[in-house]
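Have a look at structure_24.txt below; it lists compact mmCIF, C-alpha atoms.
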# COMPACT_ATOMS: atom_id res chain seq x y z
CA MET C 1 0.00 0.00 0.00
CA SER C 2 1.35 3.44 -0.88
CA TRP C 3 2.02 6.12 1.70
CA SER C 4 -0.80 8.31 0.32
CA ALA C 5 -3.32 5.46 0.56
CA GLU C 6 -2.27 4.73 4.13
CA LYS C 7 -2.55 8.39 5.01
CA SER C 8 -6.08 8.77 3.60
CA GLU C 9 -7.33 5.68 5.45
CA SER C 10 -6.17 6.99 8.81
CA CYS C 11 -6.85 10.69 8.24
CA PRO C 12 -10.12 11.78 9.89
CA THR C 13 -9.76 15.25 8.36
CA CYS C 14 -9.45 13.72 4.88
CA GLU C 15 -12.57 11.60 5.40
CA PHE C 16 -14.46 14.63 6.73
CA GLN C 17 -13.49 16.62 3.62
CA GLN C 18 -14.52 13.73 1.35
CA ASN C 19 -17.87 13.48 3.17
CA LEU C 20 -18.38 17.22 2.79
CA ASN C 21 -17.63 17.06 -0.93
CA VAL C 22 -20.13 14.21 -1.37
CA LEU C 23 -22.87 16.03 0.56
CA ARG C 24 -22.39 19.14 -1.60
CA GLU C 25 -23.26 17.04 -4.66
CA ILE C 26 -26.35 15.29 -3.25
CA TYR C 27 -29.58 17.12 -4.16
CA PHE C 28 -31.03 16.57 -0.69
CA PHE C 29 -28.21 18.40 1.09
CA SER C 30 -26.84 20.72 -1.61
CA ALA C 31 -29.09 23.70 -0.76
CA LEU C 32 -27.96 23.77 2.88
CA PRO C 33 -25.42 26.31 4.14
CA LEU C 34 -21.81 25.19 4.43
CA ASP C 35 -21.84 25.25 8.24
CA THR C 36 -24.76 22.82 8.33
CA LEU C 37 -23.16 20.60 5.70
CA LYS C 38 -20.04 20.43 7.86
CA VAL C 39 -22.11 19.13 10.78
CA PHE C 40 -23.64 16.44 8.57
CA ALA C 41 -20.21 15.56 7.13
CA TYR C 42 -18.98 14.99 10.68
CA LEU C 43 -22.03 12.90 11.65
CA CYS C 44 -22.03 10.64 8.57
CA THR C 45 -20.54 7.21 8.95
CA ARG C 46 -18.90 4.97 6.40
CA GLU C 47 -19.79 1.33 6.30
CA ASN C 48 -18.44 -1.54 4.25
CA PHE C 49 -20.62 -4.38 3.03
CA LYS C 50 -19.44 -7.68 1.62
CA LEU C 51 -20.85 -9.33 -1.47
CA GLY C 52 -24.29 -10.66 -0.51
CA ASP C 53 -24.76 -8.43 2.56
CA PHE C 54 -28.05 -6.57 2.84
CA LEU C 55 -27.81 -2.81 3.21
CA PHE C 56 -31.47 -2.89 4.24
CA THR C 57 -34.38 -5.30 3.99
CA GLN C 58 -37.99 -5.02 2.93
CA ASP C 59 -40.41 -3.94 5.71
CA ASP C 60 -37.64 -2.67 8.02
CA ASP C 61 -37.62 0.95 9.11
CA ASP C 62 -33.91 1.49 9.57
CA GLY C 63 -34.11 5.28 9.20
CA GLN C 64 -30.94 5.58 7.12
CA ALA C 65 -30.02 7.27 3.85
CA PHE C 66 -27.14 5.89 1.78
CA TYR C 67 -24.65 7.22 -0.73
CA LEU C 68 -22.71 4.54 -2.62
CA ILE C 69 -19.05 5.53 -2.50
CA SER C 70 -18.00 2.35 -4.27
CA GLY C 71 -19.47 -0.92 -5.40
CA ASP C 72 -22.79 -2.12 -6.76
CA ALA C 73 -26.05 -3.22 -5.16
CA VAL C 74 -29.27 -4.71 -6.46
CA LEU C 75 -32.73 -3.56 -5.36
CA THR C 76 -35.31 -6.33 -5.02
CA ARG C 77 -38.90 -6.75 -3.89
CA THR C 78 -40.39 -9.96 -2.58
CA GLU C 79 -44.09 -10.67 -3.07
CA ASN C 80 -45.80 -14.00 -2.41
CA GLY C 81 -42.40 -15.60 -1.84
CA ALA C 82 -41.04 -14.55 -5.24
CA GLU C 83 -38.17 -12.08 -5.46
CA ALA C 84 -38.11 -9.62 -8.37
CA ILE C 85 -35.10 -7.50 -9.32
CA ILE C 86 -36.12 -3.85 -9.59
CA ARG C 87 -32.87 -2.10 -10.51
CA ASN C 88 -29.16 -1.78 -9.82
CA TYR C 89 -27.42 0.94 -7.85
CA THR C 90 -23.83 1.96 -8.51
CA GLU C 91 -21.16 4.33 -7.30
CA GLY C 92 -22.52 7.85 -6.87
CA ASP C 93 -26.14 6.88 -6.23
CA PHE C 94 -27.98 8.37 -3.24
CA PHE C 95 -31.15 6.84 -1.85
CA GLY C 96 -33.26 6.76 1.31
CA ALA C 97 -33.76 10.51 1.76
CA LEU C 98 -37.44 10.13 2.66
CA THR C 99 -36.52 7.86 5.56
CA LEU C 100 -34.75 10.84 7.11
CA LEU C 101 -37.98 12.84 7.15
CA GLY C 102 -40.13 10.29 8.97
CA ASN C 103 -40.97 6.66 9.60
CA SER C 104 -40.87 4.79 6.33
CA PRO C 105 -40.73 1.01 6.24
CA ARG C 106 -38.71 -0.18 3.26
CA LEU C 107 -40.71 -1.39 0.29
CA PHE C 108 -37.61 -3.11 -1.07
CA SER C 109 -34.41 -4.87 -0.05
CA LEU C 110 -30.97 -3.76 -1.18
CA LYS C 111 -28.19 -6.33 -1.42
CA ALA C 112 -24.52 -5.79 -2.23
CA SER C 113 -23.70 -7.38 -5.60
CA SER C 114 -20.02 -6.54 -5.05
CA PRO C 115 -18.09 -5.21 -2.07
CA VAL C 116 -19.76 -1.86 -1.21
CA THR C 117 -18.70 1.20 0.76
CA CYS C 118 -21.45 3.62 1.75
CA LEU C 119 -21.73 6.99 3.37
CA ILE C 120 -24.68 6.74 5.76
CA ILE C 121 -26.67 9.31 7.72
CA SER C 122 -29.30 8.20 10.21
CA ARG C 123 -32.70 9.73 10.83
CA ASP C 124 -31.80 10.38 14.47
CA LYS C 125 -28.72 12.39 13.53
CA PHE C 126 -30.55 14.21 10.74
CA VAL C 127 -33.46 15.18 13.03
CA HIS C 128 -31.07 16.28 15.78
CA VAL C 129 -29.29 18.68 13.41
CA MET C 130 -32.48 19.95 11.79
CA ASN C 131 -33.99 20.64 15.22
CA GLN C 132 -31.08 23.02 15.75
CA TYR C 133 -31.74 24.69 12.37
CA PRO C 134 -35.53 24.43 11.82
CA GLN C 135 -35.50 27.30 9.33
CA LEU C 136 -33.56 25.05 6.94
CA MET C 137 -36.32 22.45 6.59
CA SER C 138 -37.84 24.50 3.78
CA ASN C 139 -34.56 24.02 1.83
CA ILE C 140 -34.90 20.26 2.30
CA PHE C 141 -38.57 20.21 1.27
CA HIS C 142 -37.84 22.28 -1.85
CA ALA C 143 -35.01 19.90 -2.80
CA VAL C 144 -37.26 16.85 -2.33
CA ALA C 145 -40.10 18.43 -4.33
CA ARG C 146 -37.72 19.32 -7.18
CA ASN C 147 -36.31 15.79 -7.20
CA ILE C 148 -39.77 14.17 -7.23
CA HIS C 149 -40.81 16.43 -10.11
CA HIS C 150 -37.60 15.62 -12.01
CA TRP C 151 -38.04 11.89 -11.37
CA GLU C 152 -41.62 11.96 -12.65
CA GLU C 153 -40.61 13.90 -15.77
CA LEU C 154 -37.97 11.25 -16.53
CA PHE C 155 -40.45 8.47 -15.84
CA LEU C 156 -42.97 9.96 -18.23
CA SER C 157 -40.42 10.55 -20.99
CA ASP C 158 -39.00 7.02 -20.62
CA ARG C 159 -42.43 5.39 -20.67
CA SER C 160 -44.38 7.70 -22.95
CA GLU C 161 -44.99 4.76 -25.25
CA GLY C 162 -45.93 1.21 -24.46
CA CYS C 163 -46.80 1.20 -20.77
CA LYS C 164 -50.33 2.48 -20.37
CA ALA C 165 -50.68 0.81 -16.95
CA CYS C 166 -47.54 2.66 -15.78
CA THR C 167 -48.77 6.06 -16.86
CA GLN C 168 -52.20 5.47 -15.29
CA ARG C 169 -50.53 5.06 -11.89
CA ILE C 170 -48.22 8.04 -12.17
CA GLY C 171 -48.84 11.29 -10.34
CA VAL C 172 -46.52 11.24 -7.36
CA SER C 173 -45.75 14.93 -8.00
CA LEU C 174 -49.45 15.63 -7.32
CA ILE C 175 -49.01 14.70 -3.64
Is it possible to express this structure as structure tokens?
Amino acid sequence: MSWSAEKSESCPTCEFQQNLNVLREIYFFSALPLDTLKVFAYLCTRENFKLGDFLFTQDDDDGQAFYLISGDAVLTRTENGAEAIIRNYTEGDFFGALTLLGNSPRLFSLKASSPVTCLIISRDKFVHVMNQYPQLMSNIFHAVARNIHHWEELFLSDRSEGCKACTQRIGVSLI
């Protein structure tokens, strides 16, 4: 292992700066002031998962949001004993933001399909910080609303032809 790799693994300041850089890029956190982002960067944890480990499982309310630093994971849903693959997540994906805002049992399971490293923030830590800065919740809600609208636009453009049942169930931005 090189000296620079050893240094970054044992350098809390380096990890803090990396966490801060990641948070600046995530839609959910990007509209927050730098001082608040620094608090979140300090409170985030990094966790490693081995191939086959579950990051979370269907019906659990773990209250955590994840950012995939490295690796791949597969999202599945089990119904009537049959497991269906929904999609894959890769490096740079962020998911679970709504679990930070309130109780939200998982509708899916997420399993590492390679070794995975995640940046994780828990609901408890998120709520603790936001209780100190309640005026910033509007920034969070605006970011979530924009992301839902963007997601639905993409969904509609991707499925404008061929999936009438899909388009009949759309309308999450109308919430």
Exercise. Of the candidates C:Val127, C:Leu100, C:Ile69, C:Ala112, which shows the shortest atom-to-atom distance to Thr57 of chain C, using only C-alpha atoms?
Worked result: C:Ala112
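Taking atom CA of Phe126 of chain C and atom CA of Arg87 of chain C as endpoints, the distance between them is 26.9 Å.
Note that the spacing between atom CA of Arg46 of chain C and atom CA of Phe29 of chain C amounts to 17.2 Å.
Relative to atom CA of Phe66 of chain C, atom CA of Lys38 of chain C is found at 17.3 Å.
Comparing the minimum interatomic distances between Asn131 of chain C and each of C:Glu25, C:Glu152, C:Thr117, C:Thr36, counting all atoms listed in the file, we find that C:Thr36 sits nearest.
If only C-alpha atoms are the atoms counted, then among C:Gln64, C:Thr90, C:Ser157, C:Gln17 the closest residue to Pro115 of chain C is C:Thr90.
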For this session: Please provide as a PyMOL selection string all residues within 9 Å of Glu47 of chain C, with the sequence filter that same-chain residues fewer than 5 positions apart are discarded (counting all atoms listed in the file).
Result: chain C and resi 116-120
Could you write those residues out with C-alpha atoms, as a compact mmCIF listing (two decimals), in the frame of the given file?
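Produced file out00.txt, reproduced below:
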# COMPACT_ATOMS: atom_id res chain seq x y z
CA VAL C 116 -19.76 -1.86 -1.21
CA THR C 117 -18.70 1.20 0.76
CA CYS C 118 -21.45 3.62 1.75
CA LEU C 119 -21.73 6.99 3.37
CA ILE C 120 -24.68 6.74 5.76
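Within 10 Å of Phe40 of chain C, once only C-alpha atoms are used and residues closer than 3 positions along the same chain are dropped, the contacting residues are Phe16, Asn19, Leu20, Leu23, Phe29, Leu34, Asp35, Thr36, Leu37, Leu43, Cys44, Thr45, Ile121, Lys125, Phe126 and Val129 of chain C.
With all atoms listed in the file as the atoms that count, the minimum distance from Asp93 of chain C to the choices C:Val74, C:Ile26, C:His150, C:Ser122 is reached by C:Ile26.
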For this session: Select, counting only C-alpha atoms, all protein, DNA and RNA residues no farther than 8 Å from (-31.7, 3.4, 12.3) in file coordinates, and express the selection as a count of residues only.
Result: 7
Problem set entry | Pick from C:Ile148, C:Leu55, C:Ala65, C:Leu156 nearest to Gly102 of chain C, counting all atoms listed in the file | C:Ala65
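If you measure from each of C:Tyr67, C:Tyr133, C:Glu91, C:Asn103 to Phe28 of chain C using only C-alpha atoms, the closest one turns out to be C:Tyr67.
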For this session: Would you mind listing what lies within 10 Å of segment 138-141 of chain C as an NGL selection string, with all atoms listed in the file counted and same-chain residues fewer than 4 positions away left out?
Result: :C and (27-33 or 97 or 101 or 130 or 134 or 145-147)
Exercise. What's the 9 Å shell around Leu110 of chain C, counting all atoms listed in the file, without same-chain residues fewer than 6 positions away, as JSON, numbers by chain?
Worked result: {"C": [53, 54, 55, 56, 57, 58, 73, 74, 75, 76, 77, 89]}
